[in-house]
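Listing of my_file_8.pdb; format and content: PDB, C-alpha atoms.
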```
ATOM      1  CA  MET A   1      95.944 134.102 -25.416  1.00  0.00           C
ATOM      2  CA  LYS A   2      99.541 134.754 -24.441  1.00  0.00           C
ATOM      3  CA  ILE A   3     101.461 137.462 -26.249  1.00  0.00           C
ATOM      4  CA  TYR A   4     104.992 136.404 -27.156  1.00  0.00           C
ATOM      5  CA  GLU A   5     107.844 138.828 -27.688  1.00  0.00           C
ATOM      6  CA  PRO A   6     110.650 138.422 -30.236  1.00  0.00           C
ATOM      7  CA  LEU A   7     113.701 136.666 -28.818  1.00  0.00           C
ATOM      8  CA  LYS A   8     116.361 139.355 -29.122  1.00  0.00           C
ATOM      9  CA  ASP A   9     119.337 137.853 -27.300  1.00  0.00           C
ATOM     10  CA  ILE A  10     119.904 134.680 -29.314  1.00  0.00           C
ATOM     11  CA  GLU A  11     123.468 134.271 -28.030  1.00  0.00           C
ATOM     12  CA  SER A  12     122.175 133.743 -24.485  1.00  0.00           C
ATOM     13  CA  VAL A  13     120.149 130.689 -25.526  1.00  0.00           C
ATOM     14  CA  LYS A  14     122.338 129.087 -28.196  1.00  0.00           C
ATOM     15  CA  ALA A  15     123.631 126.500 -25.726  1.00  0.00           C
ATOM     16  CA  ILE A  16     120.049 125.433 -25.008  1.00  0.00           C
ATOM     17  CA  LEU A  17     118.904 125.546 -28.627  1.00  0.00           C
ATOM     18  CA  SER A  18     121.891 123.628 -29.981  1.00  0.00           C
ATOM     19  CA  LYS A  19     120.828 120.522 -28.012  1.00  0.00           C
ATOM     20  CA  ILE A  20     117.301 120.338 -29.406  1.00  0.00           C
ATOM     21  CA  SER A  21     116.815 117.333 -31.667  1.00  0.00           C
ATOM     22  CA  ILE A  22     114.584 119.051 -34.216  1.00  0.00           C
ATOM     23  CA  TRP A  23     117.528 121.269 -35.235  1.00  0.00           C
ATOM     24  CA  GLY A  24     119.760 118.204 -35.824  1.00  0.00           C
ATOM     25  CA  GLY A  25     121.695 118.229 -39.094  1.00  0.00           C
ATOM     26  CA  LEU A  26     120.986 121.897 -39.777  1.00  0.00           C
ATOM     27  CA  THR A  27     123.892 124.098 -40.786  1.00  0.00           C
ATOM     28  CA  ASP A  28     124.840 127.033 -38.572  1.00  0.00           C
ATOM     29  CA  ASN A  29     123.237 129.353 -41.128  1.00  0.00           C
ATOM     30  CA  GLN A  30     119.991 127.360 -41.104  1.00  0.00           C
ATOM     31  CA  GLN A  31     119.919 127.317 -37.306  1.00  0.00           C
ATOM     32  CA  GLU A  32     120.421 131.095 -37.247  1.00  0.00           C
ATOM     33  CA  LYS A  33     117.455 131.547 -39.606  1.00  0.00           C
ATOM     34  CA  ILE A  34     115.232 129.627 -37.222  1.00  0.00           C
ATOM     35  CA  TYR A  35     116.619 131.182 -34.037  1.00  0.00           C
ATOM     36  CA  LYS A  36     115.866 134.655 -35.386  1.00  0.00           C
ATOM     37  CA  LYS A  37     112.225 133.663 -35.765  1.00  0.00           C
ATOM     38  CA  LEU A  38     111.788 132.498 -32.164  1.00  0.00           C
ATOM     39  CA  SER A  39     109.679 134.380 -29.652  1.00  0.00           C
ATOM     40  CA  PHE A  40     109.347 133.939 -25.903  1.00  0.00           C
ATOM     41  CA  GLY A  41     106.970 134.470 -23.038  1.00  0.00           C
ATOM     42  CA  PHE A  42     106.981 134.249 -19.248  1.00  0.00           C
ATOM     43  CA  PHE A  43     104.632 131.948 -17.335  1.00  0.00           C
ATOM     44  CA  ALA A  44     104.240 132.141 -13.565  1.00  0.00           C
ATOM     45  CA  LYS A  45     104.099 128.938 -11.504  1.00  0.00           C
ATOM     46  CA  GLY A  46     100.672 127.365 -11.963  1.00  0.00           C
ATOM     47  CA  GLU A  47      99.873 129.317 -15.135  1.00  0.00           C
ATOM     48  CA  TYR A  48      98.516 127.324 -18.057  1.00  0.00           C
ATOM     49  CA  ILE A  49     100.515 127.414 -21.284  1.00  0.00           C
ATOM     50  CA  PHE A  50      97.744 125.551 -23.067  1.00  0.00           C
ATOM     51  CA  ARG A  51      94.924 123.214 -22.101  1.00  0.00           C
ATOM     52  CA  LYS A  52      93.814 119.885 -23.482  1.00  0.00           C
ATOM     53  CA  GLY A  53      91.539 120.594 -26.441  1.00  0.00           C
ATOM     54  CA  ASP A  54      93.153 123.921 -27.368  1.00  0.00           C
ATOM     55  CA  GLN A  55      94.195 124.329 -30.973  1.00  0.00           C
ATOM     56  CA  PRO A  56      97.989 124.105 -31.316  1.00  0.00           C
ATOM     57  CA  ALA A  57      99.822 127.169 -32.555  1.00  0.00           C
ATOM     58  CA  HIS A  58     103.451 126.686 -31.455  1.00  0.00           C
ATOM     59  CA  ILE A  59     106.337 124.389 -30.775  1.00  0.00           C
ATOM     60  CA  TYR A  60     107.427 125.196 -27.213  1.00  0.00           C
ATOM     61  CA  ILE A  61     110.985 125.119 -25.827  1.00  0.00           C
ATOM     62  CA  VAL A  62     111.727 125.638 -22.139  1.00  0.00           C
ATOM     63  CA  LYS A  63     114.285 128.455 -21.777  1.00  0.00           C
ATOM     64  CA  SER A  64     114.185 128.290 -17.971  1.00  0.00           C
ATOM     65  CA  GLY A  65     111.949 126.622 -15.421  1.00  0.00           C
ATOM     66  CA  LYS A  66     109.842 123.494 -15.668  1.00  0.00           C
ATOM     67  CA  VAL A  67     106.561 122.616 -17.342  1.00  0.00           C
ATOM     68  CA  ASP A  68     104.284 119.734 -16.363  1.00  0.00           C
ATOM     69  CA  LEU A  69     102.375 117.953 -19.108  1.00  0.00           C
ATOM     70  CA  LEU A  70      99.161 116.527 -17.675  1.00  0.00           C
ATOM     71  CA  ALA A  71      97.058 113.878 -19.371  1.00  0.00           C
ATOM     72  CA  SER A  72      93.450 113.731 -18.256  1.00  0.00           C
ATOM     73  CA  ASP A  73      90.167 112.063 -19.059  1.00  0.00           C
ATOM     74  CA  GLN A  74      87.009 113.037 -17.201  1.00  0.00           C
ATOM     75  CA  ASP A  75      87.964 112.820 -13.496  1.00  0.00           C
ATOM     76  CA  VAL A  76      91.409 111.211 -13.888  1.00  0.00           C
ATOM     77  CA  SER A  77      94.549 113.312 -14.333  1.00  0.00           C
ATOM     78  CA  ILE A  78      98.147 112.105 -14.397  1.00  0.00           C
ATOM     79  CA  GLN A  79     101.432 113.882 -14.805  1.00  0.00           C
ATOM     80  CA  LYS A  80     102.743 112.531 -18.087  1.00  0.00           C
ATOM     81  CA  GLU A  81     106.050 114.357 -18.163  1.00  0.00           C
ATOM     82  CA  THR A  82     107.978 117.273 -16.687  1.00  0.00           C
ATOM     83  CA  VAL A  83     109.816 119.249 -19.342  1.00  0.00           C
ATOM     84  CA  LYS A  84     112.915 121.068 -18.109  1.00  0.00           C
ATOM     85  CA  THR A  85     115.267 123.675 -19.573  1.00  0.00           C
ATOM     86  CA  GLY A  86     116.105 122.714 -23.147  1.00  0.00           C
ATOM     87  CA  GLY A  87     113.126 120.388 -23.524  1.00  0.00           C
ATOM     88  CA  SER A  88     110.410 120.881 -26.096  1.00  0.00           C
ATOM     89  CA  PHE A  89     106.715 120.045 -26.306  1.00  0.00           C
ATOM     90  CA  GLY A  90     103.653 120.683 -28.450  1.00  0.00           C
ATOM     91  CA  ILE A  91     105.312 119.253 -31.540  1.00  0.00           C
ATOM     92  CA  ALA A  92     102.959 116.341 -32.227  1.00  0.00           C
ATOM     93  CA  ALA A  93      99.759 118.357 -31.836  1.00  0.00           C
ATOM     94  CA  LEU A  94     101.065 121.101 -34.096  1.00  0.00           C
ATOM     95  CA  MET A  95     102.098 118.680 -36.819  1.00  0.00           C
ATOM     96  CA  ALA A  96      98.918 116.600 -36.574  1.00  0.00           C
ATOM     97  CA  MET A  97      96.797 119.761 -36.655  1.00  0.00           C
ATOM     98  CA  GLN A  98      94.762 118.168 -33.872  1.00  0.00           C
ATOM     99  CA  PRO A  99      93.791 119.730 -30.545  1.00  0.00           C
ATOM    100  CA  HIS A 100      96.292 119.312 -27.723  1.00  0.00           C
ATOM    101  CA  MET A 101      95.901 115.947 -25.982  1.00  0.00           C
ATOM    102  CA  VAL A 102      97.540 117.195 -22.779  1.00  0.00           C
ATOM    103  CA  THR A 103      97.508 120.289 -20.619  1.00  0.00           C
ATOM    104  CA  ALA A 104     100.779 122.196 -20.126  1.00  0.00           C
ATOM    105  CA  VAL A 105     101.190 124.125 -16.883  1.00  0.00           C
ATOM    106  CA  ALA A 106     104.246 125.932 -15.502  1.00  0.00           C
ATOM    107  CA  ALA A 107     105.560 123.833 -12.588  1.00  0.00           C
ATOM    108  CA  GLU A 108     107.640 126.861 -11.580  1.00  0.00           C
ATOM    109  CA  ASP A 109     108.186 130.324 -12.990  1.00  0.00           C
ATOM    110  CA  SER A 110     109.260 129.599 -16.557  1.00  0.00           C
ATOM    111  CA  GLU A 111     110.413 131.323 -19.715  1.00  0.00           C
ATOM    112  CA  ILE A 112     109.206 129.558 -22.826  1.00  0.00           C
ATOM    113  CA  MET A 113     110.512 130.040 -26.360  1.00  0.00           C
ATOM    114  CA  VAL A 114     108.129 129.350 -29.222  1.00  0.00           C
ATOM    115  CA  LEU A 115     108.256 128.677 -32.929  1.00  0.00           C
ATOM    116  CA  SER A 116     104.827 129.392 -34.379  1.00  0.00           C
ATOM    117  CA  ARG A 117     102.947 127.417 -36.989  1.00  0.00           C
ATOM    118  CA  GLN A 118     102.890 130.594 -39.088  1.00  0.00           C
ATOM    119  CA  THR A 119     106.690 130.838 -38.907  1.00  0.00           C
ATOM    120  CA  ILE A 120     107.065 127.217 -39.995  1.00  0.00           C
ATOM    121  CA  LEU A 121     104.868 127.949 -43.011  1.00  0.00           C
ATOM    122  CA  GLU A 122     106.966 131.023 -43.816  1.00  0.00           C
ATOM    123  CA  ILE A 123     110.114 128.868 -43.740  1.00  0.00           C
ATOM    124  CA  ARG A 124     108.439 126.573 -46.252  1.00  0.00           C
ATOM    125  CA  TYR A 125     108.249 129.404 -48.763  1.00  0.00           C
ATOM    126  CA  GLU A 126     111.584 131.051 -47.885  1.00  0.00           C
ATOM    127  CA  ASP A 127     113.828 127.972 -47.773  1.00  0.00           C
ATOM    128  CA  ILE A 128     112.350 124.652 -48.889  1.00  0.00           C
ATOM    129  CA  GLU A 129     115.538 122.722 -48.022  1.00  0.00           C
ATOM    130  CA  LEU A 130     115.481 124.023 -44.447  1.00  0.00           C
ATOM    131  CA  PHE A 131     111.768 123.245 -44.238  1.00  0.00           C
ATOM    132  CA  ALA A 132     112.337 119.660 -45.447  1.00  0.00           C
ATOM    133  CA  LEU A 133     115.115 119.051 -42.891  1.00  0.00           C
ATOM    134  CA  LEU A 134     112.995 120.527 -40.123  1.00  0.00           C
ATOM    135  CA  MET A 135     110.023 118.314 -41.052  1.00  0.00           C
ATOM    136  CA  MET A 136     112.242 115.213 -41.175  1.00  0.00           C
ATOM    137  CA  ASN A 137     113.659 116.020 -37.722  1.00  0.00           C
ATOM    138  CA  ILE A 138     110.184 116.663 -36.327  1.00  0.00           C
ATOM    139  CA  ALA A 139     109.004 113.310 -37.721  1.00  0.00           C
ATOM    140  CA  ARG A 140     111.947 111.584 -36.005  1.00  0.00           C
ATOM    141  CA  GLU A 141     111.164 113.304 -32.703  1.00  0.00           C
ATOM    142  CA  ILE A 142     107.516 112.244 -32.908  1.00  0.00           C
ATOM    143  CA  ALA A 143     108.612 108.649 -33.655  1.00  0.00           C
ATOM    144  CA  ARG A 144     110.925 108.684 -30.601  1.00  0.00           C
ATOM    145  CA  ARG A 145     108.110 109.898 -28.391  1.00  0.00           C
ATOM    146  CA  LEU A 146     105.738 107.279 -29.784  1.00  0.00           C
ATOM    147  CA  LYS A 147     108.265 104.567 -28.927  1.00  0.00           C
ATOM    148  CA  LEU A 148     108.595 105.965 -25.392  1.00  0.00           C
ATOM    149  CA  THR A 149     104.816 105.901 -25.019  1.00  0.00           C
ATOM    150  CA  ASP A 150     104.740 102.291 -26.222  1.00  0.00           C
ATOM    151  CA  ASP A 151     107.456 101.358 -23.720  1.00  0.00           C
ATOM    152  CA  ILE A 152     105.549 102.994 -20.852  1.00  0.00           C
ATOM    153  CA  PHE A 153     102.351 101.235 -21.877  1.00  0.00           C
ATOM    154  CA  LEU A 154     104.044  97.835 -22.079  1.00  0.00           C
ATOM    155  CA  GLN A 155     105.705  98.357 -18.691  1.00  0.00           C
ATOM    156  CA  TYR A 156     102.322  99.164 -17.195  1.00  0.00           C
ATOM    157  CA  ILE A 157     100.749  96.040 -18.737  1.00  0.00           C
ATOM    158  CA  HIS A 158     103.554  93.898 -17.267  1.00  0.00           C
ATOM    159  CA  GLU A 159     103.056  95.475 -13.831  1.00  0.00           C
ATOM    160  CA  VAL A 160      99.319  94.808 -13.986  1.00  0.00           C
ATOM    161  CA  LYS A 161      99.931  91.195 -15.003  1.00  0.00           C
ATOM    162  CA  ASP A 162     102.449  90.784 -12.153  1.00  0.00           C
ATOM    163  CA  GLY A 163     100.000  92.287  -9.633  1.00  0.00           C
ATOM    164  CA  LYS A 164     102.164  95.356  -8.923  1.00  0.00           C
ATOM    165  CA  CYS A 165      99.335  97.768  -9.723  1.00  0.00           C
TER     166      CYS A 165
END
```

Spell out the structure here as C-alpha cells.
Amino acid sequence: MKIYEPLKDIESVKAILSKISIWGGLTDNQQEKIYKKLSFGFFAKGEYIFRKGDQPAHIYIVKSGKVDLLASDQDVSIQKETVKTGGSFGIAALMAMQPHMVTAVAAEDSEIMVLSRQTILEIRYEDIELFALLMMNIAREIARRLKLTDDIFLQYIHEVKDGKC
C-alpha cells in the first residue's frame, strides 16, 4: 500500500484545487480546512494507484501527470477515461463503500493528492456543516458522472444499431 505524505505547500496547488467541483460552494475557510488535510504521493509511469476490486480508501486528485482509468471484465479491458491535472477519481467507490470497479494506473509520472475516508469521517465530527456541503457536492459529482456514463452507453447503442461498430 502506498504511503502518502502530508501536503505542506498548499499555496502551490490552490489553483488546481479551486477548480474541483466537490469543493463548490465552500467558503475560503472551509476549503482551507480540507486542503490542510490533504496528502500526496508520487506514482511512476505504469504504476498502479489501485486495482479493480481493491477496497477504496481515498478520493484522488491529480496534482501533475495523467492517470488512466481502465475498465475490465475477464479478458476485455478498455480505457474508460484519462484523468489529467486537476481531475479527480475514486469518489463513487469511496462513497458507495464498494470495491473499485476500475483500475487506475499512472499514464505518466504523476503526483496524486488524496483525501482519505478517515479524514472525511473526522470532518463529520469536527464541522458538520462542512461535511454536509462536501457530501452534497460529492453526490452532484456522482450524478454528473452517471449521466456521462448513460450518454456514452446510448451513443454506443446508436452506433451498433447504425452498423458503425

Quiz prompt | Reference answer for the PyMOL selection byres ((chain A and resi 133) around 10), as a ChimeraX atom specification | solution = /A:22-26,30,128-132,134-139

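Among A:Asp9, A:Glu111, A:Asp150, A:Glu126, the residue with the shortest atom-to-atom distance to A:Thr85, counting all atoms listed in the file, is A:Glu111.
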
Exercise. Would you list the contacts of stretch 38-48 of chain A as number ranges by chain, taking every protein, DNA or RNA residue within 6 Å and counting only C-alpha atoms, but skipping same-chain residues closer than 5 positions in sequence?
Key: A: 4-7, 104-115

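Proximity of A:Tyr60, A:Leu154, A:Thr119, A:Lys164 to A:Lys37, computed with all atoms listed in the file, is greatest for A:Thr119.
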
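Atom to atom, atom CA of A:Val62 and atom CA of A:Pro99 stand 20.7 Å apart.
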
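A straight line drawn from atom CA of A:Lys33 to atom CA of A:Ile10 is 11.0 Å long.
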
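Counting all atoms listed in the file, the residue from A:Gln55, A:Thr82, A:Ser21, A:Asn29 that sits nearest to A:Leu70 is A:Thr82.
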
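Atom pair atom CA of A:His100 / atom CA of A:Lys66: separated by 18.6 Å.
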
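Proximity ranking of A:Ile142, A:Leu94, A:Val102, A:Ile20 relative to A:Ile78 places A:Val102 first, based on only C-alpha atoms.
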
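Of the listed residues (A:Arg51, A:Lys63, A:His58, A:Arg117), A:Lys63 comes nearest to A:Val13; the distances count all atoms listed in the file.
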
Could you work out an axis-aligned box for stretch 120-136 of chain A, taking every atom the file lists and adding 6 Å on each side, and report centre and edge lengths in Å to one decimal, as AutoDock Vina command-line options?
```
--center_x 110.2 --center_y 123.1 --center_z -44.4 --size_x 22.7 --size_y 27.8 --size_z 20.9
```

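Restricting the calculation to all atoms listed in the file, the smallest distance between A:Glu141 and any of A:Gly65, A:Gly53, A:Gly87, A:Gly163 is found for A:Gly87.
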
Quiz item: Could you name the residues that touch A:Gln118 at 10 Å or less, counting all atoms listed in the file, but leaving out those on the same chain fewer than 4 positions away, as a list in words?
Solution: Ala57, His58, Glu122, Ile123 and Arg124 of chain A

Quiz item: Evaluating the PyMOL selection byres ((chain A and resi 80) around 10) on the displayed file yields which residues, as a VMD selection string?
Solution: chain A and resid 68 to 72 77 to 79 81 to 83 102 to 103 149

Once you have the residues from the selection above, write them out as a JSON list (two decimals), keeping the file's coordinate frame, restricted to C-alpha atoms.
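Printed below is out.json as written:
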```json
[["chain", "number", "residue", "atom", "x", "y", "z"],
["A", 68, "ASP", "CA", 104.28, 119.73, -16.36],
["A", 69, "LEU", "CA", 102.38, 117.95, -19.11],
["A", 70, "LEU", "CA", 99.16, 116.53, -17.68],
["A", 71, "ALA", "CA", 97.06, 113.88, -19.37],
["A", 72, "SER", "CA", 93.45, 113.73, -18.26],
["A", 77, "SER", "CA", 94.55, 113.31, -14.33],
["A", 78, "ILE", "CA", 98.15, 112.10, -14.40],
["A", 79, "GLN", "CA", 101.43, 113.88, -14.80],
["A", 81, "GLU", "CA", 106.05, 114.36, -18.16],
["A", 82, "THR", "CA", 107.98, 117.27, -16.69],
["A", 83, "VAL", "CA", 109.82, 119.25, -19.34],
["A", 102, "VAL", "CA", 97.54, 117.20, -22.78],
["A", 103, "THR", "CA", 97.51, 120.29, -20.62],
["A", 149, "THR", "CA", 104.82, 105.90, -25.02]]
```

Student task, stretch 93-105 of chain A output with all heavy atoms as a PDB file, in the first residue's frame:
```pdb
ATOM      1  N   ALA A  93     -16.602   4.987  -5.689  1.00  0.00           N
ATOM      2  CA  ALA A  93     -16.283   3.772  -4.928  1.00  0.00           C
ATOM      3  C   ALA A  93     -16.178   4.075  -3.439  1.00  0.00           C
ATOM      4  O   ALA A  93     -16.672   3.308  -2.601  1.00  0.00           O
ATOM      5  CB  ALA A  93     -14.983   3.149  -5.439  1.00  0.00           C
ATOM      6  N   LEU A  94     -15.553   5.183  -3.106  1.00  0.00           N
ATOM      7  CA  LEU A  94     -15.394   5.544  -1.702  1.00  0.00           C
ATOM      8  C   LEU A  94     -16.749   5.776  -1.049  1.00  0.00           C
ATOM      9  O   LEU A  94     -17.023   5.292   0.049  1.00  0.00           O
ATOM     10  CB  LEU A  94     -14.521   6.794  -1.557  1.00  0.00           C
ATOM     11  CG  LEU A  94     -14.211   7.198  -0.125  1.00  0.00           C
ATOM     12  CD1 LEU A  94     -13.260   6.200   0.526  1.00  0.00           C
ATOM     13  CD2 LEU A  94     -13.603   8.583  -0.080  1.00  0.00           C
ATOM     14  N   MET A  95     -17.623   6.492  -1.737  1.00  0.00           N
ATOM     15  CA  MET A  95     -18.921   6.812  -1.159  1.00  0.00           C
ATOM     16  C   MET A  95     -19.837   5.591  -1.109  1.00  0.00           C
ATOM     17  O   MET A  95     -20.629   5.456  -0.194  1.00  0.00           O
ATOM     18  CB  MET A  95     -19.584   7.948  -1.939  1.00  0.00           C
ATOM     19  CG  MET A  95     -18.806   9.249  -1.876  1.00  0.00           C
ATOM     20  SD  MET A  95     -18.281   9.731  -0.204  1.00  0.00           S
ATOM     21  CE  MET A  95     -19.849   9.962   0.584  1.00  0.00           C
ATOM     22  N   ALA A  96     -19.724   4.710  -2.087  1.00  0.00           N
ATOM     23  CA  ALA A  96     -20.562   3.515  -2.124  1.00  0.00           C
ATOM     24  C   ALA A  96     -20.058   2.437  -1.162  1.00  0.00           C
ATOM     25  O   ALA A  96     -20.773   1.480  -0.883  1.00  0.00           O
ATOM     26  CB  ALA A  96     -20.624   2.954  -3.541  1.00  0.00           C
ATOM     27  N   MET A  97     -18.822   2.611  -0.693  1.00  0.00           N
ATOM     28  CA  MET A  97     -18.169   1.614   0.146  1.00  0.00           C
ATOM     29  C   MET A  97     -18.185   0.250  -0.549  1.00  0.00           C
ATOM     30  O   MET A  97     -18.447  -0.778   0.050  1.00  0.00           O
ATOM     31  CB  MET A  97     -18.787   1.560   1.533  1.00  0.00           C
ATOM     32  CG  MET A  97     -18.538   2.829   2.321  1.00  0.00           C
ATOM     33  SD  MET A  97     -18.932   2.752   4.059  1.00  0.00           S
ATOM     34  CE  MET A  97     -20.699   2.929   4.048  1.00  0.00           C
ATOM     35  N   GLN A  98     -17.940   0.301  -1.859  1.00  0.00           N
ATOM     36  CA  GLN A  98     -17.853  -0.886  -2.695  1.00  0.00           C
ATOM     37  C   GLN A  98     -16.445  -0.957  -3.283  1.00  0.00           C
ATOM     38  O   GLN A  98     -15.810   0.080  -3.456  1.00  0.00           O
ATOM     39  CB  GLN A  98     -18.863  -0.792  -3.846  1.00  0.00           C
ATOM     40  CG  GLN A  98     -20.299  -0.775  -3.407  1.00  0.00           C
ATOM     41  CD  GLN A  98     -20.735  -2.125  -2.860  1.00  0.00           C
ATOM     42  OE1 GLN A  98     -20.378  -3.162  -3.394  1.00  0.00           O
ATOM     43  NE2 GLN A  98     -21.506  -2.104  -1.783  1.00  0.00           N
ATOM     44  N   PRO A  99     -15.978  -2.134  -3.614  1.00  0.00           N
ATOM     45  CA  PRO A  99     -14.648  -2.229  -4.237  1.00  0.00           C
ATOM     46  C   PRO A  99     -14.589  -1.400  -5.519  1.00  0.00           C
ATOM     47  O   PRO A  99     -15.605  -1.178  -6.178  1.00  0.00           O
ATOM     48  CB  PRO A  99     -14.507  -3.720  -4.553  1.00  0.00           C
ATOM     49  CG  PRO A  99     -15.444  -4.390  -3.599  1.00  0.00           C
ATOM     50  CD  PRO A  99     -16.592  -3.444  -3.412  1.00  0.00           C
ATOM     51  N   HIS A 100     -13.387  -0.945  -5.844  1.00  0.00           N
ATOM     52  CA  HIS A 100     -13.192  -0.184  -7.081  1.00  0.00           C
ATOM     53  C   HIS A 100     -13.656  -1.009  -8.273  1.00  0.00           C
ATOM     54  O   HIS A 100     -13.361  -2.204  -8.369  1.00  0.00           O
ATOM     55  CB  HIS A 100     -11.719   0.188  -7.268  1.00  0.00           C
ATOM     56  CG  HIS A 100     -11.263   1.285  -6.377  1.00  0.00           C
ATOM     57  ND1 HIS A 100     -11.665   2.596  -6.512  1.00  0.00           N
ATOM     58  CD2 HIS A 100     -10.415   1.275  -5.314  1.00  0.00           C
ATOM     59  CE1 HIS A 100     -11.101   3.343  -5.593  1.00  0.00           C
ATOM     60  NE2 HIS A 100     -10.338   2.570  -4.839  1.00  0.00           N
ATOM     61  N   MET A 101     -14.364  -0.358  -9.193  1.00  0.00           N
ATOM     62  CA  MET A 101     -14.853  -1.014 -10.407  1.00  0.00           C
ATOM     63  C   MET A 101     -13.891  -0.838 -11.572  1.00  0.00           C
ATOM     64  O   MET A 101     -14.089  -1.413 -12.631  1.00  0.00           O
ATOM     65  CB  MET A 101     -16.231  -0.460 -10.790  1.00  0.00           C
ATOM     66  CG  MET A 101     -17.311  -0.786  -9.768  1.00  0.00           C
ATOM     67  SD  MET A 101     -17.534  -2.563  -9.509  1.00  0.00           S
ATOM     68  CE  MET A 101     -18.105  -3.060 -11.115  1.00  0.00           C
ATOM     69  N   VAL A 102     -12.873  -0.018 -11.397  1.00  0.00           N
ATOM     70  CA  VAL A 102     -11.870   0.222 -12.427  1.00  0.00           C
ATOM     71  C   VAL A 102     -10.480   0.080 -11.810  1.00  0.00           C
ATOM     72  O   VAL A 102     -10.335   0.028 -10.594  1.00  0.00           O
ATOM     73  CB  VAL A 102     -12.016   1.628 -13.075  1.00  0.00           C
ATOM     74  CG1 VAL A 102     -13.365   1.781 -13.760  1.00  0.00           C
ATOM     75  CG2 VAL A 102     -11.798   2.730 -12.058  1.00  0.00           C
ATOM     76  N   THR A 103      -9.497   0.029 -12.683  1.00  0.00           N
ATOM     77  CA  THR A 103      -8.102   0.062 -12.272  1.00  0.00           C
ATOM     78  C   THR A 103      -7.551   1.431 -12.643  1.00  0.00           C
ATOM     79  O   THR A 103      -7.834   1.938 -13.731  1.00  0.00           O
ATOM     80  CB  THR A 103      -7.306  -1.039 -13.000  1.00  0.00           C
ATOM     81  OG1 THR A 103      -7.809  -2.312 -12.571  1.00  0.00           O
ATOM     82  CG2 THR A 103      -5.819  -0.953 -12.714  1.00  0.00           C
ATOM     83  N   ALA A 104      -6.787   2.044 -11.745  1.00  0.00           N
ATOM     84  CA  ALA A 104      -6.153   3.335 -12.006  1.00  0.00           C
ATOM     85  C   ALA A 104      -4.651   3.119 -12.102  1.00  0.00           C
ATOM     86  O   ALA A 104      -4.030   2.565 -11.187  1.00  0.00           O
ATOM     87  CB  ALA A 104      -6.472   4.328 -10.891  1.00  0.00           C
ATOM     88  N   VAL A 105      -4.082   3.560 -13.232  1.00  0.00           N
ATOM     89  CA  VAL A 105      -2.651   3.391 -13.467  1.00  0.00           C
ATOM     90  C   VAL A 105      -2.076   4.713 -13.970  1.00  0.00           C
ATOM     91  O   VAL A 105      -2.712   5.408 -14.766  1.00  0.00           O
ATOM     92  CB  VAL A 105      -2.381   2.226 -14.445  1.00  0.00           C
ATOM     93  CG1 VAL A 105      -2.990   2.480 -15.798  1.00  0.00           C
ATOM     94  CG2 VAL A 105      -0.904   1.922 -14.557  1.00  0.00           C
TER      95      VAL A 105
END
```
